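A short worksheet on the structure shown next.
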Amino acid sequence: MMADLQNAASAQDWEQLDGDTRYLTHSLHRYSGKFIPQIAGQAIDLISAPGELVLDPYTGSGTSLLEAALSGRHSIGIDLNPLACVIAKVKTTPIAPERLDDFRQRLEQSVRSLNGLQLELSGLTGTESPRLAVESDPRWTEPSFVKWFPDERRRELVLINQLIQTEPASDLRRVGWIAFSEILRQSSMANTSYPNVMYDRRKTPPRSAIPRFLRRLVEVCDAVAQLHEKLPDEMTPTVLQASACSLPLEDESIDAIVTHPPYIGSIPYAEYGVLSLMWLGVDPRAVDAVLTGGRRQSRHVVTRFQADFAETFHQCYRVLRRDRHLAMLLGSPTVRGERIDLPAMAQELARSCGFVLEGLVKRKGGNRRANLMAEETLLFFRRPA
Ligand SMILES: C[S@@+](CC[C@H](N)C(=O)[O-])C[C@H]1O[C@@H](n2cnc3c(N)ncnc32)[C@H](O)[C@@H]1O
């Protein structure tokens, strides 16, 4: 068994130097530290069969979920970051093109009527006038929104967001919101170079958010419409906002686990997603406080990470069926000046809760279209029979 999985894994191309990372809905919304889709797909193929149930307990933007669904696996994605959960849902939920078209046209029409803020919006936002609609929205006066979004942009964004929220169907509302979330950075006073979100005093105030939103809405709807041809509805993954340290899943209910844990604090998800989280009504500091590897400035970040990571292994062991596999992609981040050997940490923690290492491959990480990571290690563990 050991030799089989190791040989099968070694025979795969894990570099994917020219792999297209943007097909279908994979590039719907920015998210740092994403899986290269082919890596997730190959790992899923190696350790599961069509019709089985795959779990990703650190699902992020849902790359593994989309790959699982495309290869006929059911899947569950868990993430504590509410932004990740919205992206993952939109990325993996097929919607009939006619419903999408109808939604897009209705939203386009109402957003276009905001152009120049002609203040003739009765009936669109459900309030008497756009002025009232804007001024009664807490985001209009909330200091963090005032800081990041100049008045004219904030006014437009408040109204666009309100229009999106009037959509009764949650799947369509999420599609609109993902397009909205993607334009926040450019519509704010944040620097435009990714990924850190920093206030840029010298930035030319952003132009109207309306054309930008309308363009992005078309792109998102087009990508989601393609999903409908590829995925039957019953393959739609389940996405849960929960912790990898206490999985809301039954014992021995999962056929395979494919995941890509956080790089301790080197990708601060709450900081990078601050603008979107604010519009979701979530305090980014509260998200950061609960993430594995969160509060990256604290002295004990590595110790806290290790404790959470140990708990994740226990949880994965508990929910995985016997004689089945967990595949995990890891890098070795530098934290507070010290390089942490995450693959070594993972092997020790996995062994201590009963997993057996069955495969190990390294990749240099040179894909031109993906996040540039230094060497990464893919580990395959088996829960014994
Ligand atoms: C490396 S990213 C995964 C990216 C994902 N593979 C993708 O393609 O988008 C790690 C993820 O773990 C999430 N995370 C951190 N701590 C968590 C926890 N305790 N429970 C669940 N998710 C957590 C972060 O929010 C982040 O989305």
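Residues are referred to by chain and number: the chain letter is A, B, ... according to the order shown in the structure tokens, the number counts from 1 in that chain, and ligands are numbered separately from 1 in the order shown.
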
Quick one: DSSP alpha helix (DSSP H) residues in range 114-296 of chain A, as a ChimeraX atom specification? /A:130-135,138-141,143-148,151-165,170-182,209-230,269-272,274-279,284-290

Do you know which residues are within 7 Å of ligand 1 using only C-alpha atoms and all ligand atoms? Can you write them as a ChimeraX atom specification? /A:31,33-36,57-64,78-81,84,242-245,259-263,269,290-293,308

Residues within 8 Å of Glu67 in chain A, only C-alpha atoms, excluding chain neighbours under 2 positions, as a VMD selection string: chain A and resid 37 to 38 40 to 41 44 63 to 65 69 to 71

Using only N, CA and C atoms, please write the residues we just selected to a file, as a compact mmCIF listing (two decimals), in the first residue's frame.
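again.txt, freshly written:
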```txt
# COMPACT_ATOMS: atom_id res chain seq x y z
N PRO A 37 -5.37 24.40 -8.78
CA PRO A 37 -6.48 23.43 -8.88
C PRO A 37 -6.02 22.03 -9.25
N GLN A 38 -5.03 21.93 -10.14
CA GLN A 38 -4.59 20.60 -10.58
C GLN A 38 -3.99 19.81 -9.42
N ALA A 40 -4.88 20.02 -6.18
CA ALA A 40 -6.02 19.50 -5.40
C ALA A 40 -6.67 18.35 -6.16
N GLY A 41 -6.87 18.53 -7.48
CA GLY A 41 -7.55 17.52 -8.30
C GLY A 41 -6.79 16.20 -8.31
N ILE A 44 -7.04 14.45 -4.95
CA ILE A 44 -8.39 13.87 -4.79
C ILE A 44 -8.49 12.57 -5.58
N THR A 63 -11.19 25.78 -3.72
CA THR A 63 -10.56 25.16 -4.89
C THR A 63 -10.76 23.63 -4.89
N SER A 64 -10.49 23.01 -3.74
CA SER A 64 -10.59 21.55 -3.68
C SER A 64 -12.04 21.11 -3.88
N LEU A 65 -12.98 21.92 -3.43
CA LEU A 65 -14.40 21.54 -3.56
C LEU A 65 -14.81 21.52 -5.02
N ALA A 69 -15.96 18.20 -7.08
CA ALA A 69 -17.25 18.12 -7.77
C ALA A 69 -17.04 17.79 -9.25
N LEU A 70 -16.01 18.40 -9.86
CA LEU A 70 -15.76 18.16 -11.28
C LEU A 70 -15.37 16.70 -11.55
N SER A 71 -14.77 16.06 -10.53
CA SER A 71 -14.40 14.66 -10.76
C SER A 71 -15.39 13.70 -10.09
```

Residue list (strand (DSSP E or B), DSSP) for range 84-309 of chain A, as a list in words: Ala190, Tyr199, Thr238, Val239, Leu240, Gln241, Ile254, Asp255, Ala256, Ile257, Val258 and Thr259 of chain A

Export of the given selection (N, CA, C and O atoms) as a short mmCIF file (atom, residue, chain, number, x, y, z; two decimals), in the first residue's frame:
```
data_model
loop_
_atom_site.label_atom_id
_atom_site.label_comp_id
_atom_site.auth_asym_id
_atom_site.auth_seq_id
_atom_site.Cartn_x
_atom_site.Cartn_y
_atom_site.Cartn_z
N ALA A 190 -7.36 52.31 -0.36
CA ALA A 190 -6.29 51.34 -0.11
C ALA A 190 -5.36 51.30 -1.32
O ALA A 190 -5.80 51.53 -2.46
N TYR A 199 -3.66 51.95 3.78
CA TYR A 199 -4.21 53.24 3.39
C TYR A 199 -3.14 54.00 2.60
O TYR A 199 -1.98 54.08 3.01
N THR A 238 -21.04 21.10 0.19
CA THR A 238 -21.55 21.76 1.40
C THR A 238 -20.43 22.62 1.94
O THR A 238 -19.30 22.14 2.10
N VAL A 239 -20.72 23.89 2.22
CA VAL A 239 -19.70 24.78 2.79
C VAL A 239 -20.19 25.21 4.17
O VAL A 239 -21.31 25.71 4.31
N LEU A 240 -19.36 25.00 5.18
CA LEU A 240 -19.76 25.35 6.54
C LEU A 240 -18.75 26.30 7.17
O LEU A 240 -17.54 26.07 7.07
N GLN A 241 -19.27 27.33 7.81
CA GLN A 241 -18.38 28.21 8.56
C GLN A 241 -18.20 27.58 9.94
O GLN A 241 -19.10 27.61 10.78
N ILE A 254 -16.15 10.30 6.56
CA ILE A 254 -15.49 10.93 5.41
C ILE A 254 -14.58 9.92 4.71
O ILE A 254 -13.84 9.17 5.37
N ASP A 255 -14.59 9.93 3.37
CA ASP A 255 -13.79 8.95 2.63
C ASP A 255 -12.36 9.43 2.36
O ASP A 255 -11.45 8.62 2.18
N ALA A 256 -12.17 10.74 2.27
CA ALA A 256 -10.82 11.26 2.00
C ALA A 256 -10.76 12.72 2.44
O ALA A 256 -11.78 13.43 2.37
N ILE A 257 -9.58 13.14 2.87
CA ILE A 257 -9.39 14.55 3.26
C ILE A 257 -8.26 15.12 2.41
O ILE A 257 -7.18 14.52 2.32
N VAL A 258 -8.53 16.25 1.76
CA VAL A 258 -7.50 16.92 0.96
C VAL A 258 -7.49 18.37 1.42
O VAL A 258 -8.52 19.05 1.34
N THR A 259 -6.35 18.82 1.92
CA THR A 259 -6.36 20.17 2.50
C THR A 259 -5.01 20.88 2.41
O THR A 259 -3.99 20.27 2.09
#
```

At a cut-off of 7 Å, using only C-alpha atoms, what residues contact range 8-12 of chain A? Leave out same-chain residues fewer than 3 positions from it and give the result as a list of chain:residue names.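 Selected residues are A:Asp4, A:Leu5, A:Val361.
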
Show which residues sit within 7 Å of Met235 in chain A, as number ranges by chain. Count only C-alpha atoms, and ignore same-chain residues fewer than 3 positions away. A: 69, 74, 231-232

Can you spit out the residues from that selection as a compact mmCIF listing (two decimals), in the first residue's frame, using N, CA, C and O atoms?
```txt
# COMPACT_ATOMS: atom_id res chain seq x y z
N ALA A 69 -15.96 18.20 -7.08
CA ALA A 69 -17.25 18.12 -7.77
C ALA A 69 -17.04 17.79 -9.25
O ALA A 69 -17.76 16.98 -9.83
N HIS A 74 -18.56 13.95 -3.94
CA HIS A 74 -19.27 14.88 -3.06
C HIS A 74 -18.23 15.50 -2.14
O HIS A 74 -17.18 14.90 -1.90
N LEU A 231 -21.55 20.85 -13.88
CA LEU A 231 -21.85 20.22 -12.60
C LEU A 231 -23.34 19.98 -12.42
O LEU A 231 -24.12 20.93 -12.44
N PRO A 232 -23.74 18.73 -12.19
CA PRO A 232 -25.15 18.53 -11.82
C PRO A 232 -25.40 19.13 -10.44
O PRO A 232 -24.48 19.15 -9.60
```

Just the residues within 12 Å of range 342-354 of chain A, please, counting only C-alpha atoms, with nothing from its chain fewer than 3 positions along; format it as number ranges by chain. A: 260-264, 302-303, 305-318, 320, 322-323, 325-335, 338-339, 357-362, 375-385

Keeping only N, CA and C atoms, take the residues you just selected and write them out as a short mmCIF file (atom, residue, chain, number, x, y, z; two decimals), in the first residue's frame.
```
data_model
loop_
_atom_site.label_atom_id
_atom_site.label_comp_id
_atom_site.auth_asym_id
_atom_site.auth_seq_id
_atom_site.Cartn_x
_atom_site.Cartn_y
_atom_site.Cartn_z
N HIS A 260 -5.08 22.14 2.73
CA HIS A 260 -3.96 23.05 2.53
C HIS A 260 -4.04 24.04 3.71
N PRO A 261 -3.43 23.67 4.84
CA PRO A 261 -3.58 24.46 6.06
C PRO A 261 -2.93 25.84 5.96
N PRO A 262 -3.26 26.74 6.90
CA PRO A 262 -2.64 28.07 6.88
C PRO A 262 -1.13 27.99 7.07
N TYR A 263 -0.45 28.99 6.55
CA TYR A 263 1.02 29.07 6.68
C TYR A 263 1.35 29.85 7.95
N ILE A 264 0.91 29.37 9.05
CA ILE A 264 0.94 30.09 10.34
C ILE A 264 0.44 31.50 10.04
N VAL A 302 3.41 30.65 17.13
CA VAL A 302 3.76 29.30 16.66
C VAL A 302 3.21 28.24 17.62
N THR A 303 3.33 28.51 18.92
CA THR A 303 2.81 27.56 19.91
C THR A 303 1.30 27.41 19.78
N PHE A 305 -0.48 28.05 17.10
CA PHE A 305 -0.73 27.36 15.83
C PHE A 305 -0.60 25.84 16.03
N GLN A 306 0.48 25.46 16.69
CA GLN A 306 0.74 24.02 16.85
C GLN A 306 -0.37 23.34 17.65
N ALA A 307 -0.88 24.03 18.66
CA ALA A 307 -1.96 23.43 19.47
C ALA A 307 -3.22 23.24 18.61
N ASP A 308 -3.56 24.26 17.81
CA ASP A 308 -4.74 24.15 16.93
C ASP A 308 -4.52 23.07 15.87
N PHE A 309 -3.31 23.03 15.35
CA PHE A 309 -3.00 22.10 14.28
C PHE A 309 -3.10 20.66 14.81
N ALA A 310 -2.63 20.46 16.05
CA ALA A 310 -2.72 19.13 16.68
C ALA A 310 -4.19 18.73 16.78
N GLU A 311 -5.02 19.68 17.18
CA GLU A 311 -6.45 19.39 17.32
C GLU A 311 -7.06 19.05 15.96
N THR A 312 -6.60 19.74 14.91
CA THR A 312 -7.10 19.44 13.55
C THR A 312 -6.78 17.99 13.17
N PHE A 313 -5.57 17.53 13.50
CA PHE A 313 -5.23 16.14 13.19
C PHE A 313 -6.14 15.17 13.94
N HIS A 314 -6.40 15.46 15.21
CA HIS A 314 -7.30 14.58 15.98
C HIS A 314 -8.67 14.54 15.33
N GLN A 315 -9.15 15.72 14.92
CA GLN A 315 -10.48 15.80 14.31
C GLN A 315 -10.51 15.06 12.97
N CYS A 316 -9.45 15.23 12.18
CA CYS A 316 -9.40 14.55 10.88
C CYS A 316 -9.39 13.04 11.09
N TYR A 317 -8.63 12.60 12.07
CA TYR A 317 -8.54 11.17 12.36
C TYR A 317 -9.92 10.64 12.75
N ARG A 318 -10.61 11.41 13.57
CA ARG A 318 -11.94 11.00 14.06
C ARG A 318 -12.95 10.86 12.93
N LEU A 320 -12.43 10.62 9.61
CA LEU A 320 -12.03 9.83 8.44
C LEU A 320 -12.36 8.34 8.65
N ARG A 322 -11.78 4.32 8.44
CA ARG A 322 -10.55 3.53 8.62
C ARG A 322 -9.97 3.15 7.25
N ASP A 323 -8.67 3.06 7.22
CA ASP A 323 -7.94 2.66 6.01
C ASP A 323 -8.09 3.68 4.88
N HIS A 325 -7.39 8.01 3.51
CA HIS A 325 -6.23 8.91 3.50
C HIS A 325 -6.55 10.40 3.72
N LEU A 326 -5.54 11.03 4.24
CA LEU A 326 -5.53 12.49 4.40
C LEU A 326 -4.34 13.02 3.58
N ALA A 327 -4.58 13.93 2.64
CA ALA A 327 -3.49 14.54 1.86
C ALA A 327 -3.40 16.01 2.27
N MET A 328 -2.19 16.49 2.47
CA MET A 328 -1.99 17.83 3.02
C MET A 328 -0.81 18.52 2.34
N LEU A 329 -1.03 19.72 1.83
CA LEU A 329 0.05 20.49 1.20
C LEU A 329 0.56 21.54 2.19
N LEU A 330 1.88 21.57 2.38
CA LEU A 330 2.45 22.46 3.41
C LEU A 330 3.71 23.15 2.91
N GLY A 331 3.91 24.37 3.37
CA GLY A 331 5.17 25.07 3.12
C GLY A 331 5.91 25.25 4.43
N SER A 332 7.02 25.96 4.38
CA SER A 332 7.76 26.22 5.62
C SER A 332 7.90 27.73 5.78
N PRO A 333 6.93 28.36 6.43
CA PRO A 333 6.94 29.81 6.53
C PRO A 333 8.01 30.32 7.50
N THR A 334 8.36 31.58 7.31
CA THR A 334 9.25 32.22 8.28
C THR A 334 8.38 33.07 9.20
N VAL A 335 8.49 32.81 10.50
CA VAL A 335 7.66 33.52 11.47
C VAL A 335 8.57 34.17 12.49
N GLU A 338 12.08 33.27 12.13
CA GLU A 338 12.51 31.87 12.25
C GLU A 338 11.75 31.01 11.24
N ARG A 339 12.49 30.15 10.51
CA ARG A 339 11.84 29.27 9.54
C ARG A 339 11.23 28.09 10.28
N LEU A 357 2.37 7.67 7.76
CA LEU A 357 2.79 8.39 6.55
C LEU A 357 2.93 7.40 5.39
N GLU A 358 2.27 7.69 4.28
CA GLU A 358 2.34 6.74 3.15
C GLU A 358 2.88 7.36 1.88
N GLY A 359 3.08 8.65 1.88
CA GLY A 359 3.61 9.27 0.67
C GLY A 359 4.11 10.67 0.98
N LEU A 360 5.16 11.07 0.29
CA LEU A 360 5.71 12.42 0.48
C LEU A 360 6.29 12.88 -0.85
N VAL A 361 5.80 14.00 -1.36
CA VAL A 361 6.42 14.56 -2.58
C VAL A 361 6.69 16.04 -2.34
N LYS A 362 7.73 16.53 -3.00
CA LYS A 362 8.07 17.95 -2.85
C LYS A 362 7.82 18.64 -4.16
N GLU A 375 9.55 26.12 -1.65
CA GLU A 375 9.27 24.69 -1.74
C GLU A 375 8.07 24.29 -0.85
N GLU A 376 7.26 23.42 -1.38
CA GLU A 376 6.13 22.90 -0.62
C GLU A 376 6.21 21.38 -0.59
N THR A 377 5.59 20.79 0.44
CA THR A 377 5.59 19.33 0.58
C THR A 377 4.16 18.83 0.63
N LEU A 378 3.91 17.77 -0.11
CA LEU A 378 2.59 17.15 -0.07
C LEU A 378 2.74 15.84 0.67
N LEU A 379 1.98 15.72 1.75
CA LEU A 379 2.07 14.52 2.60
C LEU A 379 0.78 13.71 2.47
N PHE A 380 0.93 12.40 2.43
CA PHE A 380 -0.23 11.51 2.40
C PHE A 380 -0.18 10.63 3.65
N PHE A 381 -1.21 10.74 4.48
CA PHE A 381 -1.29 9.90 5.68
C PHE A 381 -2.47 8.93 5.54
N ARG A 382 -2.35 7.78 6.19
CA ARG A 382 -3.48 6.83 6.22
C ARG A 382 -3.91 6.60 7.66
N ARG A 383 -5.22 6.58 7.86
CA ARG A 383 -5.73 6.13 9.15
C ARG A 383 -5.76 4.60 9.07
N PRO A 384 -5.06 3.90 9.94
CA PRO A 384 -4.99 2.45 9.82
C PRO A 384 -6.37 1.80 9.89
N ALA A 385 -6.45 0.55 9.38
CA ALA A 385 -7.74 -0.16 9.34
C ALA A 385 -8.19 -0.50 10.76
#
```

Which polymer residues have any atom within 10 Å of an atom of Val287 in chain A, counting only C-alpha atoms, with same-chain residues fewer than 2 positions away left out, as a ChimeraX atom specification? /A:80-82,269-271,274,277,282-285,289-291,294-295
